[in-house]
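Structure file structure-v6.cif; described as mmCIF, C-alpha atoms.
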```
data_entry
#
loop_
_atom_site.label_atom_id
_atom_site.label_comp_id
_atom_site.auth_asym_id
_atom_site.auth_seq_id
_atom_site.Cartn_x
_atom_site.Cartn_y
_atom_site.Cartn_z
CA MET A 37 -94.22 -9.08 147.80
CA ALA A 38 -96.66 -7.79 150.41
CA SER A 39 -100.16 -9.20 150.08
CA GLY A 40 -103.40 -9.34 152.03
CA ARG A 41 -105.70 -6.35 152.41
CA ARG A 42 -105.37 -3.44 150.03
CA LYS A 43 -105.78 0.29 150.33
CA MET A 44 -106.06 2.94 147.66
CA LEU A 45 -103.49 5.72 147.32
CA ALA A 46 -103.65 8.74 145.04
CA ALA A 47 -100.90 9.10 142.44
CA ARG A 48 -100.30 11.75 139.81
CA GLU A 49 -102.32 10.77 136.76
CA ASP A 50 -99.49 10.92 134.20
CA LEU A 51 -97.24 8.81 136.44
CA ALA A 52 -99.98 6.29 137.14
CA ASP A 53 -100.67 6.02 133.38
CA ALA A 54 -96.98 5.58 132.58
CA ALA A 55 -96.67 2.93 135.30
CA SER A 56 -99.73 1.19 133.93
CA ARG A 57 -98.24 1.08 130.40
CA LEU A 58 -94.85 -0.15 131.65
CA ALA A 59 -96.50 -2.80 133.80
CA ALA A 60 -98.45 -4.08 130.80
CA GLU A 61 -95.32 -4.10 128.62
CA LYS A 62 -93.52 -6.19 131.23
CA GLY A 63 -96.44 -8.50 131.79
CA TYR A 64 -97.21 -7.35 135.33
CA THR A 65 -100.43 -6.12 136.82
CA LEU A 66 -100.38 -2.49 137.89
CA PHE A 67 -100.82 -3.66 141.48
CA SER A 68 -97.71 -5.84 141.45
CA PHE A 69 -95.65 -3.24 139.54
CA VAL A 70 -96.53 -0.45 141.96
CA ASN A 71 -96.18 -2.61 145.05
CA ASN A 72 -92.81 -3.96 143.97
CA LEU A 73 -91.43 -0.52 143.44
CA LEU A 74 -92.90 0.82 146.69
CA GLU A 75 -91.36 -2.10 148.55
CA LEU A 76 -87.98 -1.20 147.09
CA ALA A 77 -88.49 2.44 148.03
CA VAL A 78 -89.43 1.48 151.57
CA ARG A 79 -86.35 -0.76 151.80
CA VAL A 80 -84.04 2.10 150.87
CA GLU A 81 -85.78 4.82 152.84
CA SER A 82 -86.17 2.81 156.01
CA SER A 83 -82.43 2.15 156.08
CA GLY A 84 -81.78 5.89 156.05
CA GLY A 85 -81.12 6.20 152.30
CA SER A 86 -83.16 7.66 149.50
CA LEU A 87 -84.45 6.25 146.25
CA GLU A 88 -83.46 9.41 144.42
CA LYS A 89 -79.89 9.10 145.71
CA ALA A 90 -79.82 5.42 144.74
CA VAL A 91 -80.79 6.25 141.16
CA GLU A 92 -78.23 9.04 141.01
CA ASN A 93 -75.50 6.79 142.45
CA TYR A 94 -76.20 4.13 139.88
CA ALA A 95 -75.81 6.53 136.97
CA LEU A 96 -72.57 7.91 138.41
CA ALA A 97 -71.19 4.45 139.03
CA LYS A 98 -71.79 3.52 135.40
CA ALA A 99 -69.76 6.53 134.28
CA VAL A 100 -67.00 5.68 136.70
CA SER A 101 -66.77 2.04 135.70
CA GLU A 102 -66.47 3.13 132.07
CA ALA A 103 -63.61 5.39 133.14
CA SER A 104 -61.81 2.24 134.29
CA PHE A 105 -61.83 2.90 138.02
CA THR A 106 -61.54 -0.09 140.26
CA LEU A 107 -62.38 -0.75 143.87
CA VAL A 108 -59.52 -1.16 146.31
CA LEU A 109 -59.22 -1.34 150.04
CA GLU A 110 -58.25 1.96 151.53
CA SER A 111 -56.21 0.19 154.19
CA ALA A 112 -54.10 -1.44 151.48
CA LEU A 113 -54.00 1.55 149.19
CA TYR A 114 -51.90 4.00 151.20
CA GLY A 115 -49.40 1.38 152.32
CA THR A 116 -49.01 0.00 148.81
CA ALA A 117 -48.63 3.48 147.36
CA GLU A 118 -46.04 4.34 150.00
CA ILE A 119 -43.89 1.30 149.20
CA ALA A 120 -44.20 1.80 145.44
CA TYR A 121 -43.30 5.47 145.82
CA GLN A 122 -40.23 4.73 147.93
CA LYS A 123 -39.12 1.88 145.72
CA ALA A 124 -39.61 3.33 142.25
CA ARG A 125 -40.55 6.98 142.67
CA THR A 126 -40.14 8.19 139.09
CA GLU A 127 -41.95 5.24 137.58
CA THR A 128 -44.80 5.40 140.12
CA LEU A 129 -45.29 9.12 139.60
CA ARG A 130 -45.34 8.52 135.85
CA VAL A 131 -48.05 5.87 136.16
CA TRP A 132 -50.26 8.17 138.28
CA TYR A 133 -49.73 11.05 135.86
CA GLU A 134 -50.65 8.81 132.91
CA ALA A 135 -53.75 7.63 134.75
CA GLY A 136 -54.79 11.28 135.07
CA VAL A 137 -54.15 11.80 131.36
CA TRP A 138 -56.22 8.72 130.56
CA VAL A 139 -59.15 9.82 132.72
CA ALA A 140 -59.15 13.34 131.24
CA LYS A 141 -59.01 11.99 127.68
CA HIS A 142 -61.82 9.57 128.43
CA TYR A 143 -64.10 12.37 129.65
CA SER A 144 -63.09 14.74 126.85
CA ASN A 145 -63.74 12.11 124.20
CA ARG A 146 -67.16 11.29 125.62
CA GLY A 147 -68.27 14.66 124.31
CA VAL A 148 -68.71 16.08 127.80
CA LYS A 149 -69.02 19.86 127.50
CA ASP A 150 -67.03 20.57 130.61
CA PRO A 151 -64.79 17.58 131.40
CA LEU A 152 -63.41 19.12 134.60
CA THR A 153 -66.88 19.48 136.09
CA ALA A 154 -67.73 15.89 135.14
CA ILE A 155 -64.47 14.62 136.62
CA GLU A 156 -65.04 16.58 139.81
CA ARG A 157 -68.58 15.19 140.14
CA ASP A 158 -67.47 11.58 139.61
CA ILE A 159 -64.36 11.74 141.78
CA THR A 160 -66.37 13.36 144.56
CA PHE A 161 -68.89 10.54 144.31
CA LEU A 162 -66.14 7.91 144.54
CA SER A 163 -63.77 9.46 146.96
CA TRP A 164 -65.16 8.72 150.37
CA ASN A 165 -61.59 8.98 151.62
CA ILE A 166 -61.33 12.62 150.47
CA PRO A 167 -63.62 14.81 152.58
CA GLU A 168 -63.04 17.80 150.37
CA PHE A 169 -62.42 17.70 146.63
CA ARG A 170 -63.24 20.67 144.46
CA ILE A 171 -62.37 21.70 140.93
CA GLU A 172 -63.58 25.17 140.05
CA THR A 173 -63.24 27.03 136.78
CA HIS A 174 -63.58 30.78 136.29
CA GLY A 175 -63.01 31.96 132.73
CA ASN A 176 -59.51 30.82 131.79
CA MET A 177 -58.59 29.83 135.32
CA ALA A 178 -59.08 26.58 137.20
CA SER A 179 -58.44 25.80 140.83
CA VAL A 180 -58.27 22.46 142.58
CA ARG A 181 -58.65 21.91 146.29
CA VAL A 182 -58.05 18.59 148.03
CA LEU A 183 -58.24 18.06 151.75
CA ALA A 184 -57.71 14.47 152.87
CA PRO A 185 -56.32 13.96 156.37
CA ARG A 186 -55.90 10.20 155.84
CA PHE A 187 -53.46 10.63 152.91
CA ASN A 188 -49.82 9.98 153.74
CA GLU A 189 -47.11 12.10 152.14
CA SER A 190 -46.38 9.67 149.33
CA TYR A 191 -50.03 9.29 148.46
CA THR A 192 -50.43 13.06 148.42
CA MET A 193 -47.60 13.39 145.90
CA LEU A 194 -49.06 10.63 143.74
CA PHE A 195 -52.54 12.11 143.83
CA LEU A 196 -51.01 15.46 142.91
CA ARG A 197 -49.45 13.91 139.78
CA PHE A 198 -52.81 12.35 138.92
CA LEU A 199 -54.43 15.80 139.10
CA GLU A 200 -51.62 17.35 137.08
CA GLY A 201 -52.19 14.72 134.40
CA ILE A 202 -55.87 15.67 134.28
CA LEU A 203 -55.32 19.43 134.18
CA GLU A 204 -52.57 19.35 131.57
CA THR A 205 -54.59 17.07 129.31
CA VAL A 206 -57.51 19.48 129.27
CA GLU A 207 -55.10 22.25 128.25
CA TYR A 208 -54.35 23.91 131.56
CA ARG A 209 -50.94 25.05 132.75
CA ILE A 210 -50.33 24.91 136.48
CA ILE A 211 -49.16 28.28 137.78
CA HIS A 212 -49.33 27.74 141.53
CA LYS A 213 -49.00 24.71 143.81
CA ASP A 214 -49.40 24.52 147.53
CA VAL A 215 -48.88 20.95 148.74
CA GLY A 216 -48.59 19.37 152.16
CA ARG A 217 -49.59 15.96 153.53
CA GLY A 218 -53.25 15.46 152.68
CA ASN A 219 -53.54 18.98 151.38
CA ILE A 220 -53.32 20.06 147.74
CA ARG A 221 -54.14 23.44 146.28
CA LEU A 222 -53.54 24.06 142.60
CA GLU A 223 -54.14 27.08 140.43
CA ALA A 224 -54.02 26.69 136.66
CA VAL A 225 -54.61 28.77 133.58
CA LYS A 226 -55.66 27.81 130.07
CA ARG A 227 -52.62 27.12 127.94
CA GLY A 228 -51.70 30.14 125.78
CA VAL A 229 -53.22 32.61 128.22
CA ASN A 230 -50.81 34.99 129.97
CA VAL A 231 -51.27 35.73 133.61
CA LYS A 232 -50.16 39.10 134.90
CA GLY A 233 -48.47 39.52 138.27
CA MET B 1156 -107.39 1.86 139.13
CA SER B 1157 -109.88 4.58 140.03
CA LYS B 1158 -109.71 8.05 138.52
CA GLY B 1159 -109.89 11.50 140.18
CA LYS B 1160 -109.10 15.03 139.08
CA GLY B 1161 -105.40 15.02 137.98
CA LYS B 1162 -104.87 11.99 140.16
CA LYS B 1163 -105.53 8.33 139.92
CA LEU B 1164 -106.00 5.92 142.74
CA VAL B 1165 -103.81 2.86 142.80
CA TYR B 1166 -104.15 -0.15 145.02
CA VAL B 1167 -101.35 -0.77 147.48
CA SER B 1168 -101.15 -3.51 150.07
CA GLU B 1169 -102.19 -2.34 153.51
CA SER B 1170 -98.94 -3.40 155.21
CA LEU B 1171 -96.96 -1.38 152.72
CA VAL B 1172 -99.16 1.69 153.22
CA ASP B 1173 -98.50 1.43 156.95
CA GLU B 1174 -94.75 1.37 156.39
CA ILE B 1175 -94.95 4.29 153.96
CA SER B 1176 -97.02 6.27 156.47
CA LYS B 1177 -94.43 5.62 159.17
CA ILE B 1178 -91.56 6.82 156.98
CA SER B 1179 -93.53 9.84 155.75
CA ARG B 1180 -94.42 10.87 159.29
CA ALA B 1181 -90.78 10.56 160.38
CA ARG B 1182 -89.76 12.79 157.47
CA ASP B 1183 -92.56 15.25 157.99
CA THR B 1184 -93.92 14.69 154.50
CA HIS B 1185 -97.05 12.99 153.21
CA VAL B 1186 -97.79 9.58 151.77
CA GLY B 1187 -98.77 11.00 148.37
CA LYS B 1188 -95.36 12.59 147.97
CA PHE B 1189 -93.60 9.33 148.79
CA VAL B 1190 -95.68 7.44 146.23
CA GLU B 1191 -95.20 10.12 143.59
CA ASP B 1192 -91.41 10.26 144.06
CA ALA B 1193 -91.11 6.48 143.92
CA LEU B 1194 -93.30 6.25 140.82
CA ARG B 1195 -91.36 8.98 139.05
CA GLN B 1196 -88.01 7.27 139.70
CA ALA B 1197 -89.35 3.87 138.71
CA VAL B 1198 -90.93 5.11 135.48
CA THR B 1199 -87.74 6.92 134.44
CA MET B 1200 -85.51 3.97 135.25
CA THR B 1201 -87.75 1.41 133.58
CA ARG B 1202 -88.05 3.56 130.46
CA ASP B 1203 -84.25 3.75 130.33
CA GLY B 1204 -84.10 -0.04 130.44
CA GLN B 1205 -82.75 -0.14 134.02
CA ASP B 1206 -83.85 -2.46 136.74
CA LEU B 1207 -84.86 -0.59 139.89
CA ALA B 1208 -84.18 -3.62 142.08
CA GLN B 1209 -80.61 -3.69 140.84
CA VAL B 1210 -80.28 0.04 141.50
CA VAL B 1211 -81.37 -0.46 145.09
CA ASP B 1212 -79.02 -3.43 145.55
CA PHE B 1213 -76.19 -1.40 144.15
CA TYR B 1214 -76.91 1.46 146.51
CA ASN B 1215 -76.77 -0.86 149.50
CA VAL B 1216 -73.55 -2.45 148.30
CA MET B 1217 -71.92 0.96 147.84
CA ARG B 1218 -72.93 1.93 151.34
CA ALA B 1219 -71.22 -1.22 152.59
CA HIS B 1220 -68.03 -0.32 150.74
CA ARG B 1221 -68.15 3.13 152.24
CA VAL B 1222 -68.45 1.67 155.74
CA LEU B 1223 -65.68 -0.85 155.15
CA GLY B 1224 -63.13 1.54 153.68
CA GLY B 1225 -63.39 0.90 149.97
CA ALA B 1226 -61.76 3.42 147.66
CA PHE B 1227 -61.68 3.75 143.91
CA ILE B 1228 -58.59 4.37 141.80
CA PRO B 1229 -57.81 3.95 138.09
CA SER B 1230 -57.15 0.25 137.50
CA SER B 1231 -53.85 0.96 135.71
CA ILE B 1232 -52.49 2.38 138.97
CA LEU B 1233 -53.54 -0.63 141.01
CA ASP B 1234 -52.11 -3.09 138.48
CA PHE B 1235 -48.80 -1.22 138.41
CA MET B 1236 -48.46 -1.02 142.18
CA VAL B 1237 -49.38 -4.63 142.81
CA GLU B 1238 -47.10 -5.91 140.04
CA ASN B 1239 -44.26 -3.79 141.37
CA LEU B 1240 -44.60 -4.98 144.93
CA TRP B 1241 -45.54 -8.55 144.29
CA LYS B 1242 -42.09 -10.11 144.59
CA GLU B 1243 -41.21 -8.43 147.86
CA LYS B 1244 -44.55 -7.93 149.57
CA GLN B 1245 -46.71 -10.74 148.29
CA GLU B 1246 -47.47 -12.14 151.73
CA GLN B 1247 -48.44 -8.77 153.21
CA LEU B 1248 -50.69 -7.98 150.25
CA LEU B 1249 -52.42 -11.34 150.44
CA GLU B 1250 -52.86 -10.96 154.20
CA CYS B 1251 -54.29 -7.48 153.74
CA PHE B 1252 -56.88 -8.71 151.21
CA TYR B 1253 -57.71 -11.70 153.42
CA GLU B 1254 -58.32 -9.44 156.42
CA SER B 1255 -60.44 -7.11 154.37
CA GLY B 1256 -62.46 -10.08 153.08
CA LYS B 1257 -63.12 -11.03 156.69
CA TRP B 1258 -64.51 -7.56 157.40
CA TYR B 1259 -66.82 -7.81 154.42
CA GLY B 1260 -67.95 -11.22 155.64
CA ILE B 1261 -68.71 -9.82 159.09
CA TYR B 1262 -70.64 -6.97 157.50
CA LEU B 1263 -72.69 -9.27 155.23
CA LYS B 1264 -73.48 -11.53 158.17
CA ASP B 1265 -74.64 -8.55 160.17
CA LYS B 1266 -76.75 -6.95 157.43
CA TYR B 1267 -78.32 -9.89 155.61
CA ALA B 1268 -80.33 -12.80 156.88
CA GLU B 1269 -78.87 -14.88 154.02
CA PRO B 1270 -75.34 -13.51 153.56
CA VAL B 1271 -74.29 -16.15 151.01
CA GLU B 1272 -77.26 -15.15 148.87
CA ALA B 1273 -76.14 -11.55 149.05
CA LEU B 1274 -72.63 -12.39 147.94
CA GLU B 1275 -73.32 -12.78 144.21
CA PRO B 1276 -74.99 -9.39 143.69
CA PHE B 1277 -72.40 -7.89 146.02
CA LEU B 1278 -69.57 -9.02 143.74
CA LYS B 1279 -71.41 -8.45 140.47
CA LEU B 1280 -72.37 -4.91 141.28
CA THR B 1281 -69.03 -3.49 142.29
CA ARG B 1282 -66.30 -5.73 140.93
CA TRP B 1283 -66.66 -4.33 137.45
CA GLU B 1284 -63.60 -6.22 136.25
CA LEU B 1285 -65.48 -9.51 136.65
CA ASN B 1286 -67.29 -10.77 133.56
CA ASP B 1287 -69.11 -13.48 135.42
CA VAL B 1288 -69.83 -14.33 139.03
CA GLU B 1289 -71.68 -17.39 140.26
CA VAL B 1290 -72.37 -18.39 143.85
CA LYS B 1291 -73.91 -21.80 144.41
CA ASP B 1292 -75.19 -22.58 147.86
CA TRP B 1293 -76.03 -26.15 148.87
CA GLY B 1294 -76.50 -25.35 152.54
CA ASN B 1295 -73.27 -26.63 154.02
CA ASN B 1296 -71.29 -26.25 150.82
CA VAL B 1297 -70.78 -23.09 148.82
CA LYS B 1298 -69.03 -22.71 145.49
CA VAL B 1299 -67.94 -19.27 144.27
CA ARG B 1300 -66.80 -18.87 140.67
CA CYS B 1301 -65.43 -15.61 139.28
CA VAL B 1302 -64.31 -15.03 135.70
CA SER B 1303 -62.51 -11.98 134.37
CA THR B 1304 -60.75 -11.28 131.11
CA VAL B 1305 -58.85 -8.34 132.54
CA LEU B 1306 -57.65 -9.49 135.96
CA THR B 1307 -53.90 -9.98 136.23
CA ASN B 1308 -52.34 -13.04 137.88
CA GLU B 1309 -51.69 -11.05 141.02
CA GLY B 1310 -55.16 -9.50 140.99
CA THR B 1311 -56.70 -12.96 140.72
CA LEU B 1312 -54.75 -14.24 143.72
CA LEU B 1313 -55.65 -11.18 145.78
CA LEU B 1314 -59.34 -11.50 144.98
CA SER B 1315 -59.18 -15.19 145.82
CA ARG B 1316 -57.72 -14.42 149.27
CA PHE B 1317 -60.35 -11.73 149.77
CA LEU B 1318 -63.07 -14.30 149.03
CA GLU B 1319 -61.50 -16.82 151.38
CA GLY B 1320 -61.44 -14.25 154.17
CA LEU B 1321 -65.06 -13.41 153.48
CA MET B 1322 -66.20 -17.04 153.52
CA HIS B 1323 -64.21 -17.75 156.70
CA ALA B 1324 -66.00 -14.87 158.42
CA LEU B 1325 -69.30 -16.42 157.34
CA GLY B 1326 -68.29 -19.61 159.14
CA TYR B 1327 -67.03 -21.68 156.19
CA LYS B 1328 -63.72 -23.46 155.75
CA THR B 1329 -61.86 -23.58 152.47
CA GLU B 1330 -62.20 -26.98 150.83
CA LYS B 1331 -60.57 -26.26 147.49
CA VAL B 1332 -59.29 -23.24 145.56
CA ASP B 1333 -58.60 -23.28 141.83
CA CYS B 1334 -56.93 -20.09 140.80
CA LEU B 1335 -55.75 -19.28 137.29
CA LYS B 1336 -55.26 -15.86 135.75
CA GLY B 1337 -58.77 -14.42 135.55
CA LEU B 1338 -60.50 -17.48 137.03
CA ILE B 1339 -61.29 -18.35 140.63
CA ILE B 1340 -63.22 -21.37 141.81
CA LEU B 1341 -63.50 -21.44 145.57
CA GLU B 1342 -65.25 -24.30 147.33
CA SER B 1343 -66.08 -23.87 151.01
CA LYS B 1344 -67.73 -26.02 153.63
CA LYS B 1345 -69.45 -25.08 156.87
#
```
Any chance you could give the structure as structure tokens?
Amino acid sequence: MASGRRKMLAAREDLADAASRLAAEKGYTLFSFVNNLLELAVRVESSGGSLEKAVENYALAKAVSEASFTLVLESALYGTAEIAYQKARTETLRVWYEAGVWVAKHYSNRGVKDPLTAIERDITFLSWNIPEFRIETHGNMASVRVLAPRFNESYTMLFLRFLEGILETVEYRIIHKDVGRGNIRLEAVKRGVNVKG
Amino acid sequence: MSKGKGKKLVYVSESLVDEISKISRARDTHVGKFVEDALRQAVTMTRDGQDLAQVVDFYNVMRAHRVLGGAFIPSSILDFMVENLWKEKQEQLLECFYESGKWYGIYLKDKYAEPVEALEPFLKLTRWELNDVEVKDWGNNVKVRCVSTVLTNEGTLLLSRFLEGLMHALGYKTEKVDCLKGLIILESKK
């Protein structure tokens, strides 16, 4: 920790009091507590990040790890998916669909009010390889938009099945699909609701 | 701690204040705002039982994964694909993980003064399938031990190759690898 000469900085009273209590609980002096945290903040901010983003990322990552996501290498992912798709198409599509079902059930059972919004938020956070991923709901309708130029055709079809697994598990029926390599557009309606036209 | 109207004064080391001033100037904000934001985040995290240092480490690790082409998928999908391809494509898969490990090694070497020290938090924070990770560094010798109750045989071998690639990029040679389902002990020497 930084030491040597000290300066005084103004902090909001309630925050300074809370920090003082927490420091005492943890057996630190207020000086070391505040300086430790400011050092961390400086470390993040000076590398172009933000402490707020770091805290947000951490919370999201916890949710994602509970949803049984795992880290893979993008370079290996598309090639592996391609071979699996060519070798055992039906089985591979089934596994991706079931993974979508599993994820949707996990979010629904966590008591999340709007599982689709939570899934969109977490997948967006994770999916650096998907520049655009949106799930929007309007009344009884839901639409999904995926734009990922790095997807190959096989991976696009597999990701589509994953999304279908999610939508169908949260009681949506897909009424329109527009799919090309790296490009998925889905429209869905709540099961039991009739769509005119 | 000195007291003012609605504010309190806290002592901060001078070198830190200088760094905060620099960042605040670059962002066109003021030092008080920086301190307030940091305090607010720290108080919330600490109250929730979280460790802010771990949060910051995690953030840096995730940024590394983003740079190096990490992607997340449901683990059931990965297990299925690897198991399905293992017989025919084992060598390519192992090579791919080894190469990727090398990239991570290069990145760690570039970003951290003590890359071996950074390895343990690096693995702990993002390899959620690992129950335990231990990295022992005796200078010229490094021992990495990973334990997982959920890793498949194939997953264990792939992670082991990834670690070998990483250590090779850090300038170590493999001395010994013990690899059983869910357990990796990798010993490397400079």
- Task: Can you give me, as a ChimeraX atom specification, the residues this file yields under the PyMOL selection byres ((chain B and resi 1293) around 12)?
- Result: /B:1271-1272,1290-1292,1294-1299,1342-1345
- Top pick for closest residue to Val70 of chain A, considering B:Cys1334, B:Leu1194, B:Val1237, B:Ile1178 and counting all atoms listed in the file: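 Of B:Cys1334, B:Leu1194, B:Val1237, B:Ile1178, the one nearest Val70 of chain A, counting all atoms listed in the file, is B:Leu1194.
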- Interatomic distance between atom CA of Ile171 of chain A and atom CA of Thr153 of chain A? 7.0 Å
- What is the distance between atom CA of Arg197 of chain A and atom CA of Leu1285 of chain B, in Å to one decimal?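 It comes out at 28.6 Å.
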- Query: So which residues touch Tyr94 of chain A within 10 Å, counting all atoms listed in the file, skipping near sequence neighbours fewer than 2 positions away, as a list in words?
  - Reply: Lys89, Ala90, Val91, Glu92, Leu96, Ala97, Lys98, Ala99 and Val100 of chain A; Gln1205, Leu1207, Gln1209, Val1210, Val1211, Asp1212, Phe1213, Tyr1214, Met1217 and Leu1280 of chain B
- Message: Neighbouring residues of segment 1241-1252 of chain B were defined as those with any atom within 7 Å, considering only C-alpha atoms; residues of the same chain fewer than 5 positions away were excluded. Please report them as a PyMOL selection string.
- Response: (chain A and resi 112) or (chain B and resi 1313+1316-1317)
Can you list every residue of chain A that has an atom at most 8 Å from chain B, with its nearest atom pair and the distance in Å to one decimal, using all atoms listed in the file, ordered by chain then number, as JSON lines?
```
{"residue": "A:Ala38", "atom": "CA", "partner": "B:Ser1168", "partner_atom": "CA", "distance": 6.2}
{"residue": "A:Ser39", "atom": "CA", "partner": "B:Ser1168", "partner_atom": "CA", "distance": 5.8}
{"residue": "A:Gly40", "atom": "CA", "partner": "B:Ser1168", "partner_atom": "CA", "distance": 6.5}
{"residue": "A:Arg41", "atom": "CA", "partner": "B:Glu1169", "partner_atom": "CA", "distance": 5.4}
{"residue": "A:Arg42", "atom": "CA", "partner": "B:Ser1168", "partner_atom": "CA", "distance": 4.2}
{"residue": "A:Lys43", "atom": "CA", "partner": "B:Val1167", "partner_atom": "CA", "distance": 5.4}
{"residue": "A:Met44", "atom": "CA", "partner": "B:Tyr1166", "partner_atom": "CA", "distance": 4.5}
{"residue": "A:Leu45", "atom": "CA", "partner": "B:Leu1164", "partner_atom": "CA", "distance": 5.2}
{"residue": "A:Ala46", "atom": "CA", "partner": "B:Leu1164", "partner_atom": "CA", "distance": 4.3}
{"residue": "A:Ala47", "atom": "CA", "partner": "B:Lys1163", "partner_atom": "CA", "distance": 5.3}
{"residue": "A:Arg48", "atom": "CA", "partner": "B:Lys1162", "partner_atom": "CA", "distance": 4.6}
{"residue": "A:Glu49", "atom": "CA", "partner": "B:Lys1162", "partner_atom": "CA", "distance": 4.4}
{"residue": "A:Leu51", "atom": "CA", "partner": "B:Leu1194", "partner_atom": "CA", "distance": 6.4}
{"residue": "A:Ala52", "atom": "CA", "partner": "B:Lys1163", "partner_atom": "CA", "distance": 6.5}
{"residue": "A:Ala54", "atom": "CA", "partner": "B:Val1198", "partner_atom": "CA", "distance": 6.7}
{"residue": "A:Ala55", "atom": "CA", "partner": "B:Val1198", "partner_atom": "CA", "distance": 6.1}
{"residue": "A:Leu58", "atom": "CA", "partner": "B:Thr1201", "partner_atom": "CA", "distance": 7.5}
{"residue": "A:Phe67", "atom": "CA", "partner": "B:Tyr1166", "partner_atom": "CA", "distance": 6.0}
{"residue": "A:Val70", "atom": "CA", "partner": "B:Val1167", "partner_atom": "CA", "distance": 7.3}
{"residue": "A:Asn71", "atom": "CA", "partner": "B:Val1167", "partner_atom": "CA", "distance": 6.0}
{"residue": "A:Leu73", "atom": "CA", "partner": "B:Ala1197", "partner_atom": "CA", "distance": 6.8}
{"residue": "A:Leu74", "atom": "CA", "partner": "B:Ala1193", "partner_atom": "CA", "distance": 6.6}
{"residue": "A:Glu75", "atom": "CA", "partner": "B:Leu1171", "partner_atom": "CA", "distance": 7.0}
{"residue": "A:Leu76", "atom": "CA", "partner": "B:Ala1208", "partner_atom": "CA", "distance": 6.7}
{"residue": "A:Ala77", "atom": "CA", "partner": "B:Ala1193", "partner_atom": "CA", "distance": 6.3}
{"residue": "A:Val78", "atom": "CA", "partner": "B:Ile1175", "partner_atom": "CA", "distance": 6.6}
{"residue": "A:Val80", "atom": "CA", "partner": "B:Val1211", "partner_atom": "CA", "distance": 6.9}
{"residue": "A:Glu81", "atom": "CA", "partner": "B:Ile1178", "partner_atom": "CA", "distance": 7.4}
{"residue": "A:Ser82", "atom": "CA", "partner": "B:Ile1178", "partner_atom": "CA", "distance": 6.8}
{"residue": "A:Leu87", "atom": "CA", "partner": "B:Ala1193", "partner_atom": "CA", "distance": 7.1}
{"residue": "A:Glu88", "atom": "CA", "partner": "B:Gln1196", "partner_atom": "CA", "distance": 6.9}
{"residue": "A:Ala90", "atom": "CA", "partner": "B:Tyr1214", "partner_atom": "CA", "distance": 5.2}
{"residue": "A:Val91", "atom": "CA", "partner": "B:Val1210", "partner_atom": "CA", "distance": 6.2}
{"residue": "A:Asn93", "atom": "CA", "partner": "B:Tyr1214", "partner_atom": "CA", "distance": 6.8}
{"residue": "A:Tyr94", "atom": "CA", "partner": "B:Val1210", "partner_atom": "CA", "distance": 6.0}
{"residue": "A:Ser101", "atom": "CA", "partner": "B:Trp1283", "partner_atom": "CA", "distance": 6.6}
{"residue": "A:Ala103", "atom": "CA", "partner": "B:Pro1229", "partner_atom": "CA", "distance": 7.8}
{"residue": "A:Ser104", "atom": "CA", "partner": "B:Pro1229", "partner_atom": "CA", "distance": 5.8}
{"residue": "A:Phe105", "atom": "CA", "partner": "B:Pro1229", "partner_atom": "CA", "distance": 4.2}
{"residue": "A:Thr106", "atom": "CA", "partner": "B:Ser1230", "partner_atom": "CA", "distance": 5.2}
{"residue": "A:Leu107", "atom": "CA", "partner": "B:Phe1227", "partner_atom": "CA", "distance": 4.6}
{"residue": "A:Val108", "atom": "CA", "partner": "B:Ala1226", "partner_atom": "CA", "distance": 5.3}
{"residue": "A:Leu109", "atom": "CA", "partner": "B:Gly1225", "partner_atom": "CA", "distance": 4.7}
{"residue": "A:Glu110", "atom": "CA", "partner": "B:Gly1224", "partner_atom": "CA", "distance": 5.3}
{"residue": "A:Ser111", "atom": "CA", "partner": "B:Gly1224", "partner_atom": "CA", "distance": 7.1}
{"residue": "A:Ala112", "atom": "CA", "partner": "B:Cys1251", "partner_atom": "CA", "distance": 6.5}
{"residue": "A:Thr116", "atom": "CA", "partner": "B:Met1236", "partner_atom": "CA", "distance": 6.7}
{"residue": "A:Ala117", "atom": "CA", "partner": "B:Met1236", "partner_atom": "CA", "distance": 6.9}
{"residue": "A:Ile119", "atom": "CA", "partner": "B:Leu1240", "partner_atom": "CA", "distance": 7.6}
{"residue": "A:Ala120", "atom": "CA", "partner": "B:Met1236", "partner_atom": "CA", "distance": 6.1}
{"residue": "A:Thr128", "atom": "CA", "partner": "B:Met1236", "partner_atom": "CA", "distance": 7.7}
{"residue": "A:Val131", "atom": "CA", "partner": "B:Ile1232", "partner_atom": "CA", "distance": 6.3}
{"residue": "A:Trp132", "atom": "CA", "partner": "B:Ile1232", "partner_atom": "CA", "distance": 6.2}
{"residue": "A:Ala135", "atom": "CA", "partner": "B:Pro1229", "partner_atom": "CA", "distance": 6.4}
{"residue": "A:Leu162", "atom": "CA", "partner": "B:Phe1227", "partner_atom": "CA", "distance": 6.1}
{"residue": "A:Ser163", "atom": "CA", "partner": "B:Ala1226", "partner_atom": "CA", "distance": 6.4}
{"residue": "A:Trp164", "atom": "CA", "partner": "B:Arg1221", "partner_atom": "CA", "distance": 6.6}
{"residue": "A:Asn165", "atom": "CA", "partner": "B:Ala1226", "partner_atom": "CA", "distance": 6.8}
```
- Translate the PyMOL selection byres ((chain A and resi 228) around 10), as applied to the file shown, into an explicit residue set as a PyMOL selection string. chain A and resi 176+207-209+225-227+229-231
- Note on the structure: Correct to one decimal, the distance atom CA of Asp1333 of chain B-atom CA of Tyr1262 of chain B is 25.6 Å
- Item | Distance criterion (only C-alpha atoms): nearest to Asp1265 of chain B out of B:Ala1324, B:Cys1301, B:Ser1315, B:Asn1286 |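 That would be B:Ala1324, the residue with the smallest distance to Asp1265 of chain B.
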